[in-house]
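> Enclosed is the structure file entry.cif (mmCIF, C-alpha atoms).
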```
data_start
#
loop_
_atom_site.group_PDB
_atom_site.id
_atom_site.type_symbol
_atom_site.label_atom_id
_atom_site.label_comp_id
_atom_site.auth_asym_id
_atom_site.auth_seq_id
_atom_site.Cartn_x
_atom_site.Cartn_y
_atom_site.Cartn_z
ATOM 1 C CA GLU P 246 9.986 7.768 -15.131
ATOM 2 C CA PRO P 247 9.829 11.282 -13.598
ATOM 3 C CA GLU P 248 10.315 11.363 -9.854
ATOM 4 C CA VAL P 249 10.221 13.691 -6.880
ATOM 5 C CA THR P 250 13.694 14.339 -5.460
ATOM 6 C CA GLN P 251 14.465 15.518 -1.944
ATOM 7 C CA THR P 252 17.636 16.864 -0.355
ATOM 8 C CA PRO P 253 19.312 16.267 1.949
ATOM 9 C CA SER P 254 18.573 12.625 2.667
ATOM 10 C CA HIS P 255 19.541 13.153 6.322
ATOM 11 C CA GLN P 256 19.727 16.393 8.296
ATOM 12 C CA VAL P 257 21.032 16.636 11.847
ATOM 13 C CA THR P 258 20.307 19.915 13.621
ATOM 14 C CA GLN P 259 20.581 21.331 17.105
ATOM 15 C CA MET P 260 17.317 22.132 18.868
ATOM 16 C CA GLY P 261 16.300 25.742 18.298
ATOM 17 C CA GLN P 262 18.057 26.001 14.943
ATOM 18 C CA GLU P 263 16.360 26.690 11.645
ATOM 19 C CA VAL P 264 16.250 23.974 9.009
ATOM 20 C CA ILE P 265 15.223 24.029 5.351
ATOM 21 C CA LEU P 266 14.205 20.858 3.555
ATOM 22 C CA ARG P 267 14.272 20.933 -0.213
ATOM 23 C CA CYS P 268 12.212 19.204 -2.853
ATOM 24 C CA VAL P 269 12.107 19.182 -6.632
ATOM 25 C CA PRO P 270 8.610 18.050 -7.667
ATOM 26 C CA ILE P 271 7.812 16.360 -10.966
ATOM 27 C CA SER P 272 8.205 19.042 -13.617
ATOM 28 C CA ASN P 273 4.654 19.329 -14.988
ATOM 29 C CA HIS P 274 2.944 18.988 -11.617
ATOM 30 C CA LEU P 275 1.089 21.920 -10.115
ATOM 31 C CA TYR P 276 0.160 20.728 -6.618
ATOM 32 C CA PHE P 277 2.730 20.197 -3.906
ATOM 33 C CA TYR P 278 2.571 18.667 -0.456
ATOM 34 C CA TRP P 279 4.591 17.979 2.644
ATOM 35 C CA TYR P 280 3.934 15.025 4.910
ATOM 36 C CA ARG P 281 5.832 13.691 7.871
ATOM 37 C CA GLN P 282 6.286 10.250 9.360
ATOM 38 C CA ILE P 283 7.494 9.795 12.905
ATOM 39 C CA LEU P 284 9.477 6.556 13.243
ATOM 40 C CA GLY P 285 7.183 3.529 13.136
ATOM 41 C CA GLN P 286 4.020 5.586 12.706
ATOM 42 C CA LYS P 287 1.738 6.481 9.838
ATOM 43 C CA VAL P 288 2.277 9.246 7.334
ATOM 44 C CA GLU P 289 0.671 12.548 8.408
ATOM 45 C CA PHE P 290 -0.363 15.471 6.200
ATOM 46 C CA LEU P 291 1.296 18.815 6.903
ATOM 47 C CA VAL P 292 0.459 21.223 4.098
ATOM 48 C CA SER P 293 -0.650 21.509 0.494
ATOM 49 C CA PHE P 294 0.406 24.276 -1.886
ATOM 50 C CA TYR P 295 -0.962 25.490 -5.201
ATOM 51 C CA ASN P 296 -0.569 28.627 -7.270
ATOM 52 C CA ASN P 297 1.999 30.031 -4.840
ATOM 53 C CA GLU P 298 -0.148 29.789 -1.792
ATOM 54 C CA ILE P 299 -1.110 27.325 0.899
ATOM 55 C CA SER P 300 -4.294 25.421 0.047
ATOM 56 C CA GLU P 301 -4.649 23.561 3.316
ATOM 57 C CA LYS P 302 -2.619 22.916 6.424
ATOM 58 C CA SER P 303 -2.908 20.586 9.396
ATOM 59 C CA GLU P 304 -2.737 21.333 13.113
ATOM 60 C CA ILE P 305 0.886 20.192 13.047
ATOM 61 C CA PHE P 306 1.779 23.015 10.645
ATOM 62 C CA ASP P 307 2.018 25.816 13.197
ATOM 63 C CA ASP P 308 3.766 29.192 13.029
ATOM 64 C CA GLN P 309 7.178 27.521 13.170
ATOM 65 C CA PHE P 310 6.598 26.016 9.720
ATOM 66 C CA SER P 311 6.576 27.735 6.355
ATOM 67 C CA VAL P 312 6.679 26.638 2.726
ATOM 68 C CA GLU P 313 7.944 28.378 -0.355
ATOM 69 C CA ARG P 314 8.383 27.835 -4.058
ATOM 70 C CA PRO P 315 11.360 30.139 -4.605
ATOM 71 C CA ASP P 316 11.731 29.366 -8.303
ATOM 72 C CA GLY P 317 10.149 27.249 -11.012
ATOM 73 C CA SER P 318 11.510 23.956 -9.762
ATOM 74 C CA ASN P 319 12.094 23.915 -5.996
ATOM 75 C CA PHE P 320 9.623 23.575 -3.147
ATOM 76 C CA THR P 321 10.927 24.065 0.382
ATOM 77 C CA LEU P 322 9.782 23.432 3.939
ATOM 78 C CA LYS P 323 11.308 25.618 6.641
ATOM 79 C CA ILE P 324 11.140 24.960 10.344
ATOM 80 C CA ARG P 325 12.109 28.162 12.101
ATOM 81 C CA SER P 326 13.076 26.932 15.574
ATOM 82 C CA THR P 327 13.292 23.165 15.720
ATOM 83 C CA LYS P 328 12.094 21.096 18.665
ATOM 84 C CA LEU P 329 12.981 17.542 19.641
ATOM 85 C CA GLU P 330 9.527 16.385 18.554
ATOM 86 C CA ASP P 331 10.178 17.616 15.007
ATOM 87 C CA SER P 332 12.439 14.585 14.522
ATOM 88 C CA ALA P 333 10.801 12.560 11.753
ATOM 89 C CA MET P 334 10.945 11.650 8.076
ATOM 90 C CA TYR P 335 9.615 14.475 5.936
ATOM 91 C CA PHE P 336 8.177 13.575 2.556
ATOM 92 C CA CYS P 337 7.449 15.874 -0.330
ATOM 93 C CA ALA P 338 4.789 14.871 -2.855
ATOM 94 C CA SER P 339 3.369 16.348 -6.024
ATOM 95 C CA SER P 340 0.376 15.769 -8.256
ATOM 96 C CA ALA P 341 -0.712 16.952 -11.665
ATOM 97 C CA GLY P 342 -4.266 17.864 -10.721
ATOM 98 C CA GLN P 343 -6.570 18.475 -7.821
ATOM 99 C CA GLY P 344 -8.953 15.986 -6.317
ATOM 100 C CA ALA P 345 -8.692 12.246 -6.928
ATOM 101 C CA GLN P 346 -5.299 12.590 -8.591
ATOM 102 C CA PRO P 347 -2.281 10.435 -7.743
ATOM 103 C CA GLN P 348 0.283 11.972 -5.430
ATOM 104 C CA HIS P 349 3.872 10.901 -6.050
ATOM 105 C CA PHE P 350 6.276 10.926 -3.139
ATOM 106 C CA GLY P 351 9.997 11.510 -2.807
ATOM 107 C CA ASP P 352 12.234 9.307 -0.682
ATOM 108 C CA GLY P 353 12.183 11.786 2.176
ATOM 109 C CA THR P 354 14.550 13.673 4.434
ATOM 110 C CA ARG P 355 15.317 12.159 7.807
ATOM 111 C CA LEU P 356 15.428 15.081 10.262
ATOM 112 C CA SER P 357 17.171 14.421 13.565
ATOM 113 C CA ILE P 358 16.989 17.112 16.236
ATOM 114 C CA LEU P 359 19.601 16.895 18.984
ATOM 115 C CA GLY Q 26 -12.224 14.634 10.759
ATOM 116 C CA GLU Q 27 -11.543 11.680 8.512
ATOM 117 C CA ASN Q 28 -10.090 8.596 10.143
ATOM 118 C CA VAL Q 29 -8.689 5.560 8.339
ATOM 119 C CA GLU Q 30 -8.194 2.260 10.125
ATOM 120 C CA GLN Q 31 -6.076 -0.519 8.655
ATOM 121 C CA HIS Q 32 -5.785 -4.222 9.513
ATOM 122 C CA PRO Q 33 -3.808 -6.314 10.100
ATOM 123 C CA SER Q 34 -0.726 -4.479 11.366
ATOM 124 C CA THR Q 35 1.481 -7.428 10.364
ATOM 125 C CA LEU Q 36 0.897 -10.199 7.852
ATOM 126 C CA SER Q 37 3.123 -13.172 7.093
ATOM 127 C CA VAL Q 38 2.446 -15.393 4.103
ATOM 128 C CA GLN Q 39 4.211 -18.141 2.197
ATOM 129 C CA GLU Q 40 5.479 -17.307 -1.262
ATOM 130 C CA GLY Q 41 2.727 -17.979 -3.783
ATOM 131 C CA ASP Q 42 -0.104 -17.416 -1.313
ATOM 132 C CA SER Q 43 -2.480 -14.456 -1.416
ATOM 133 C CA ALA Q 44 -2.429 -11.490 0.953
ATOM 134 C CA VAL Q 45 -5.375 -9.272 1.857
ATOM 135 C CA ILE Q 46 -5.189 -5.949 3.690
ATOM 136 C CA LYS Q 47 -8.336 -4.127 4.777
ATOM 137 C CA CYS Q 48 -9.103 -0.496 5.513
ATOM 138 C CA THR Q 49 -12.157 1.357 6.724
ATOM 139 C CA TYR Q 50 -12.791 5.078 6.496
ATOM 140 C CA SER Q 51 -15.115 7.328 8.438
ATOM 141 C CA ASP Q 52 -16.035 10.154 6.051
ATOM 142 C CA SER Q 53 -18.627 9.108 3.475
ATOM 143 C CA ALA Q 54 -17.530 12.068 1.314
ATOM 144 C CA SER Q 55 -14.173 10.399 0.629
ATOM 145 C CA ASN Q 56 -13.896 9.564 -3.058
ATOM 146 C CA TYR Q 57 -10.301 8.541 -3.756
ATOM 147 C CA PHE Q 58 -8.451 5.595 -2.224
ATOM 148 C CA PRO Q 59 -4.802 4.967 -3.102
ATOM 149 C CA TRP Q 60 -2.528 2.222 -1.828
ATOM 150 C CA TYR Q 61 1.158 2.805 -1.229
ATOM 151 C CA LYS Q 62 4.076 0.419 -0.767
ATOM 152 C CA GLN Q 63 6.944 1.623 1.384
ATOM 153 C CA GLU Q 64 10.269 -0.168 1.384
ATOM 154 C CA LEU Q 65 12.925 0.444 3.995
ATOM 155 C CA GLY Q 66 14.510 3.872 3.617
ATOM 156 C CA LYS Q 67 12.219 4.854 0.754
ATOM 157 C CA GLY Q 68 9.184 7.033 0.304
ATOM 158 C CA PRO Q 69 5.667 5.689 -0.257
ATOM 159 C CA GLN Q 70 5.261 4.346 -3.777
ATOM 160 C CA LEU Q 71 1.804 4.391 -5.334
ATOM 161 C CA ILE Q 72 0.881 0.876 -6.448
ATOM 162 C CA ILE Q 73 -2.833 1.155 -7.231
ATOM 163 C CA ASP Q 74 -5.733 3.489 -6.610
ATOM 164 C CA ILE Q 75 -9.507 3.448 -6.931
ATOM 165 C CA ARG Q 76 -12.133 6.133 -7.218
ATOM 166 C CA SER Q 77 -15.554 6.013 -5.641
ATOM 167 C CA ASN Q 78 -17.374 5.453 -8.929
ATOM 168 C CA VAL Q 79 -15.656 2.070 -9.329
ATOM 169 C CA GLY Q 80 -16.096 -1.074 -7.232
ATOM 170 C CA GLU Q 81 -12.989 -2.976 -8.250
ATOM 171 C CA LYS Q 82 -9.732 -2.411 -10.084
ATOM 172 C CA LYS Q 83 -7.015 -4.862 -11.021
ATOM 173 C CA ASP Q 84 -3.417 -4.486 -12.172
ATOM 174 C CA GLN Q 85 -1.667 -7.814 -12.761
ATOM 175 C CA ARG Q 86 -1.261 -9.457 -9.325
ATOM 176 C CA ILE Q 87 -2.731 -6.518 -7.418
ATOM 177 C CA ALA Q 88 -6.421 -5.699 -7.025
ATOM 178 C CA VAL Q 89 -8.392 -3.257 -4.930
ATOM 179 C CA THR Q 90 -12.072 -3.486 -4.002
ATOM 180 C CA LEU Q 91 -14.267 -0.720 -2.629
ATOM 181 C CA ASN Q 92 -17.533 -1.026 -0.721
ATOM 182 C CA LYS Q 93 -18.919 2.488 -0.374
ATOM 183 C CA THR Q 94 -21.915 1.418 1.667
ATOM 184 C CA ALA Q 95 -19.748 -0.238 4.297
ATOM 185 C CA LYS Q 96 -16.989 2.370 3.867
ATOM 186 C CA HIS Q 97 -14.234 -0.125 3.461
ATOM 187 C CA PHE Q 98 -11.692 -1.017 0.802
ATOM 188 C CA SER Q 99 -9.210 -3.836 0.481
ATOM 189 C CA LEU Q 100 -5.923 -4.629 -1.241
ATOM 190 C CA HIS Q 101 -5.478 -8.112 -2.659
ATOM 191 C CA ILE Q 102 -2.081 -9.428 -3.738
ATOM 192 C CA THR Q 103 -2.068 -12.811 -5.442
ATOM 193 C CA GLU Q 104 0.894 -15.140 -6.049
ATOM 194 C CA THR Q 105 3.009 -13.244 -3.549
ATOM 195 C CA GLN Q 106 6.750 -13.028 -4.058
ATOM 196 C CA PRO Q 107 9.539 -12.176 -1.574
ATOM 197 C CA GLU Q 108 9.943 -8.771 -3.242
ATOM 198 C CA ASP Q 109 6.374 -7.951 -2.183
ATOM 199 C CA SER Q 110 7.679 -7.740 1.399
ATOM 200 C CA ALA Q 111 7.247 -4.119 2.553
ATOM 201 C CA VAL Q 112 4.918 -1.873 4.566
ATOM 202 C CA TYR Q 113 1.651 -1.130 2.791
ATOM 203 C CA PHE Q 114 -0.447 1.957 3.535
ATOM 204 C CA CYS Q 115 -3.990 2.689 2.486
ATOM 205 C CA ALA Q 116 -5.191 6.272 2.274
ATOM 206 C CA ALA Q 117 -8.395 8.197 1.670
ATOM 207 C CA SER Q 118 -9.140 11.613 0.276
ATOM 208 C CA LYS Q 119 -12.323 13.575 -0.422
ATOM 209 C CA GLY Q 120 -11.169 15.687 -3.285
ATOM 210 C CA THR Q 121 -9.459 18.281 -1.129
ATOM 211 C CA ASP Q 122 -6.169 16.566 -1.948
ATOM 212 C CA LYS Q 123 -5.117 15.883 1.628
ATOM 213 C CA LEU Q 124 -4.417 12.159 1.988
ATOM 214 C CA ILE Q 125 -5.354 10.542 5.302
ATOM 215 C CA PHE Q 126 -3.250 7.442 5.775
ATOM 216 C CA GLY Q 127 -3.939 4.212 7.601
ATOM 217 C CA THR Q 128 -1.512 2.889 10.178
ATOM 218 C CA GLY Q 129 0.234 0.501 7.797
ATOM 219 C CA THR Q 130 0.603 -3.253 7.362
ATOM 220 C CA ARG Q 131 3.990 -4.926 7.434
ATOM 221 C CA LEU Q 132 3.833 -7.764 4.905
ATOM 222 C CA GLN Q 133 6.442 -10.514 5.028
ATOM 223 C CA VAL Q 134 6.555 -13.087 2.262
ATOM 224 C CA PHE Q 135 8.601 -16.135 3.146
ATOM 225 C CA PRO Q 136 10.244 -18.143 0.349
#
```
Just dump the structure as structure tokens.


Amino acid sequence: EPEVTQTPSHQVTQMGQEVILRCVPISNHLYFYWYRQILGQKVEFLVSFYNNEISEKSEIFDDQFSVERPDGSNFTLKIRSTKLEDSAMYFCASSAGQGAQPQHFGDGTRLSIL
Amino acid sequence: GENVEQHPSTLSVQEGDSAVIKCTYSDSASNYFPWYKQELGKGPQLIIDIRSNVGEKKDQRIAVTLNKTAKHFSLHITETQPEDSAVYFCAASKGTDKLIFGTGTRLQVFP
């Protein structure tokens, strides 16, 4: 069964450094998402992306965050200058259609900011 | 904005018993309600979903019910097995794709 893959599984970064999290969505999907989950808490929406542009973003997704689909298969989340509070699990998801369509999640990247 | 509440936060059942997890949502425009299972170290895995034009959906031992008037939906797992042990999340969406998640239920099934 097709799946969403994320790399790396764990990223340790010094505060203030830039980090890029990578995702390969399911190949025929057109809608892409990033969510985050702080340890022990619920999953929170960050951003959705379609047709090479952001569809929607949350309050969490401030100017330090950016997303990109650099080629036909990858979808990346960049945090420009990391803060301690950015430590969390970051999940990528993709779906085939918009509205009431299943979103399939990867296994996440654990980001630890020191 | 949309808010999703989920109860209970923890649930312990004996193998073979049923488990029920309940969620309520605030935005009456929500029209899609998926349930995810999250095992340790893994991402959320979609296990069942329901759309607002349907009141109930069943897939083997798992069923979901939706009451649009009361704005609540429930996950029912029958004949629970130890491998059902995980954290379960409900979510709601109103067609804008963004999923709003509940706070999760940790289900433990004891053999």

> So what do you get for CA of Gln39 (chain Q) versus CA of Gln63 (chain Q), distance-wise?

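Going from CA of Gln39 (chain Q) over to CA of Gln63 (chain Q) covers 20.0 Å.
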
> What does the distance from CA of Lys82 (chain Q) to CA of His101 (chain Q) come to in Å, to one decimal?

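Those two atoms sit 10.3 Å apart.
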
> To verify the selection step, state as an mmCIF file with C-alpha atoms, keeping the file's coordinate frame which residues the PyMOL selection byres ((chain Q) within 10 of (chain P)) yields on this input.


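Now in selection.cif:
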```
data_model
loop_
_atom_site.group_PDB
_atom_site.id
_atom_site.type_symbol
_atom_site.label_atom_id
_atom_site.label_comp_id
_atom_site.auth_asym_id
_atom_site.auth_seq_id
_atom_site.Cartn_x
_atom_site.Cartn_y
_atom_site.Cartn_z
ATOM 1 C CA SER Q 55 -14.173 10.399 0.629
ATOM 2 C CA ASN Q 56 -13.896 9.564 -3.058
ATOM 3 C CA TYR Q 57 -10.301 8.541 -3.756
ATOM 4 C CA PHE Q 58 -8.451 5.595 -2.224
ATOM 5 C CA PRO Q 59 -4.802 4.967 -3.102
ATOM 6 C CA TYR Q 61 1.158 2.805 -1.229
ATOM 7 C CA GLN Q 63 6.944 1.623 1.384
ATOM 8 C CA GLU Q 64 10.269 -0.168 1.384
ATOM 9 C CA GLY Q 66 14.510 3.872 3.617
ATOM 10 C CA LYS Q 67 12.219 4.854 0.754
ATOM 11 C CA GLY Q 68 9.184 7.033 0.304
ATOM 12 C CA PRO Q 69 5.667 5.689 -0.257
ATOM 13 C CA GLN Q 70 5.261 4.346 -3.777
ATOM 14 C CA LEU Q 71 1.804 4.391 -5.334
ATOM 15 C CA ILE Q 73 -2.833 1.155 -7.231
ATOM 16 C CA ASP Q 74 -5.733 3.489 -6.610
ATOM 17 C CA ILE Q 75 -9.507 3.448 -6.931
ATOM 18 C CA ARG Q 76 -12.133 6.133 -7.218
ATOM 19 C CA SER Q 77 -15.554 6.013 -5.641
ATOM 20 C CA PHE Q 114 -0.447 1.957 3.535
ATOM 21 C CA ALA Q 116 -5.191 6.272 2.274
ATOM 22 C CA ALA Q 117 -8.395 8.197 1.670
ATOM 23 C CA SER Q 118 -9.140 11.613 0.276
ATOM 24 C CA LYS Q 119 -12.323 13.575 -0.422
ATOM 25 C CA GLY Q 120 -11.169 15.687 -3.285
ATOM 26 C CA THR Q 121 -9.459 18.281 -1.129
ATOM 27 C CA ASP Q 122 -6.169 16.566 -1.948
ATOM 28 C CA LYS Q 123 -5.117 15.883 1.628
ATOM 29 C CA LEU Q 124 -4.417 12.159 1.988
ATOM 30 C CA ILE Q 125 -5.354 10.542 5.302
ATOM 31 C CA PHE Q 126 -3.250 7.442 5.775
ATOM 32 C CA GLY Q 127 -3.939 4.212 7.601
ATOM 33 C CA THR Q 128 -1.512 2.889 10.178
ATOM 34 C CA GLY Q 129 0.234 0.501 7.797
#
```

> Using only C-alpha atoms and a cutoff of 12 Å, can you tell me which residues are near (6.4, -17.5, -0.8) in the file's coordinates, and write them out as number ranges by chain?

Q: 37-44, 103-110, 132-136

> Evaluate the PyMOL selection byres ((chain Q and resi 32) around 9) on the structure here and hand back the selected residues as an MDAnalysis selection string.

chainID Q and resid 30:31 33:35 46:49 127:130

> Would you mind exporting the chosen residues as an mmCIF file, in the frame of the given file, restricted to C-alpha atoms?


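File result30.cif, as written:
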```cif
data_model
loop_
_atom_site.group_PDB
_atom_site.id
_atom_site.type_symbol
_atom_site.label_atom_id
_atom_site.label_comp_id
_atom_site.auth_asym_id
_atom_site.auth_seq_id
_atom_site.Cartn_x
_atom_site.Cartn_y
_atom_site.Cartn_z
ATOM 1 C CA GLU Q 30 -8.194 2.260 10.125
ATOM 2 C CA GLN Q 31 -6.076 -0.519 8.655
ATOM 3 C CA PRO Q 33 -3.808 -6.314 10.100
ATOM 4 C CA SER Q 34 -0.726 -4.479 11.366
ATOM 5 C CA THR Q 35 1.481 -7.428 10.364
ATOM 6 C CA ILE Q 46 -5.189 -5.949 3.690
ATOM 7 C CA LYS Q 47 -8.336 -4.127 4.777
ATOM 8 C CA CYS Q 48 -9.103 -0.496 5.513
ATOM 9 C CA THR Q 49 -12.157 1.357 6.724
ATOM 10 C CA GLY Q 127 -3.939 4.212 7.601
ATOM 11 C CA THR Q 128 -1.512 2.889 10.178
ATOM 12 C CA GLY Q 129 0.234 0.501 7.797
ATOM 13 C CA THR Q 130 0.603 -3.253 7.362
#
```

> Suppose you want the space between CA of Glu248 (chain P) and CA of Val312 (chain P); what is it in Å?

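Here the two named atoms are 20.1 Å from each other.
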
> Mind telling me what the PyMOL selection byres ((chain P and resi 264) around 8) catches here, as a list in words?

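This file gives the following for the PyMOL selection byres ((chain P and resi 264) around 8): Thr258, Gln262, Glu263, Ile265, Leu266, Lys323, Ile324, Arg325, Ser326 and Thr327 of chain P.
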
> Store the residues of this selection in a file with C-alpha atoms, as a compact mmCIF listing (two decimals), in the coordinates of the input.


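Final output, out_19.txt:
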```txt
# COMPACT_ATOMS: atom_id res chain seq x y z
CA THR P 258 20.31 19.92 13.62
CA GLN P 262 18.06 26.00 14.94
CA GLU P 263 16.36 26.69 11.64
CA ILE P 265 15.22 24.03 5.35
CA LEU P 266 14.20 20.86 3.56
CA LYS P 323 11.31 25.62 6.64
CA ILE P 324 11.14 24.96 10.34
CA ARG P 325 12.11 28.16 12.10
CA SER P 326 13.08 26.93 15.57
CA THR P 327 13.29 23.16 15.72
```

> Show me the residues close to (-10.8, 6.4, 11.6) - anything with an atom within 7 Å, counting all atoms listed in the file - and format the list as a PDB file with C-alpha atoms, keeping the file's coordinate frame.


```
ATOM      1  CA  GLU Q  27     -11.543  11.680   8.512  1.00  0.00           C
ATOM      2  CA  ASN Q  28     -10.090   8.596  10.143  1.00  0.00           C
ATOM      3  CA  VAL Q  29      -8.689   5.560   8.339  1.00  0.00           C
ATOM      4  CA  GLU Q  30      -8.194   2.260  10.125  1.00  0.00           C
ATOM      5  CA  TYR Q  50     -12.791   5.078   6.496  1.00  0.00           C
ATOM      6  CA  SER Q  51     -15.115   7.328   8.438  1.00  0.00           C
TER       7      SER Q  51
END
```

> As AutoDock Vina command-line options, please: the centre and edge lengths in Å, to one decimal, of an axis-aligned box enclosing every listed atom of region 289-307 of chain P with 8 Å added on each side.


```
--center_x -1.3 --center_y 21.3 --center_z 3.0 --size_x 22.7 --size_y 33.5 --size_z 36.5
```
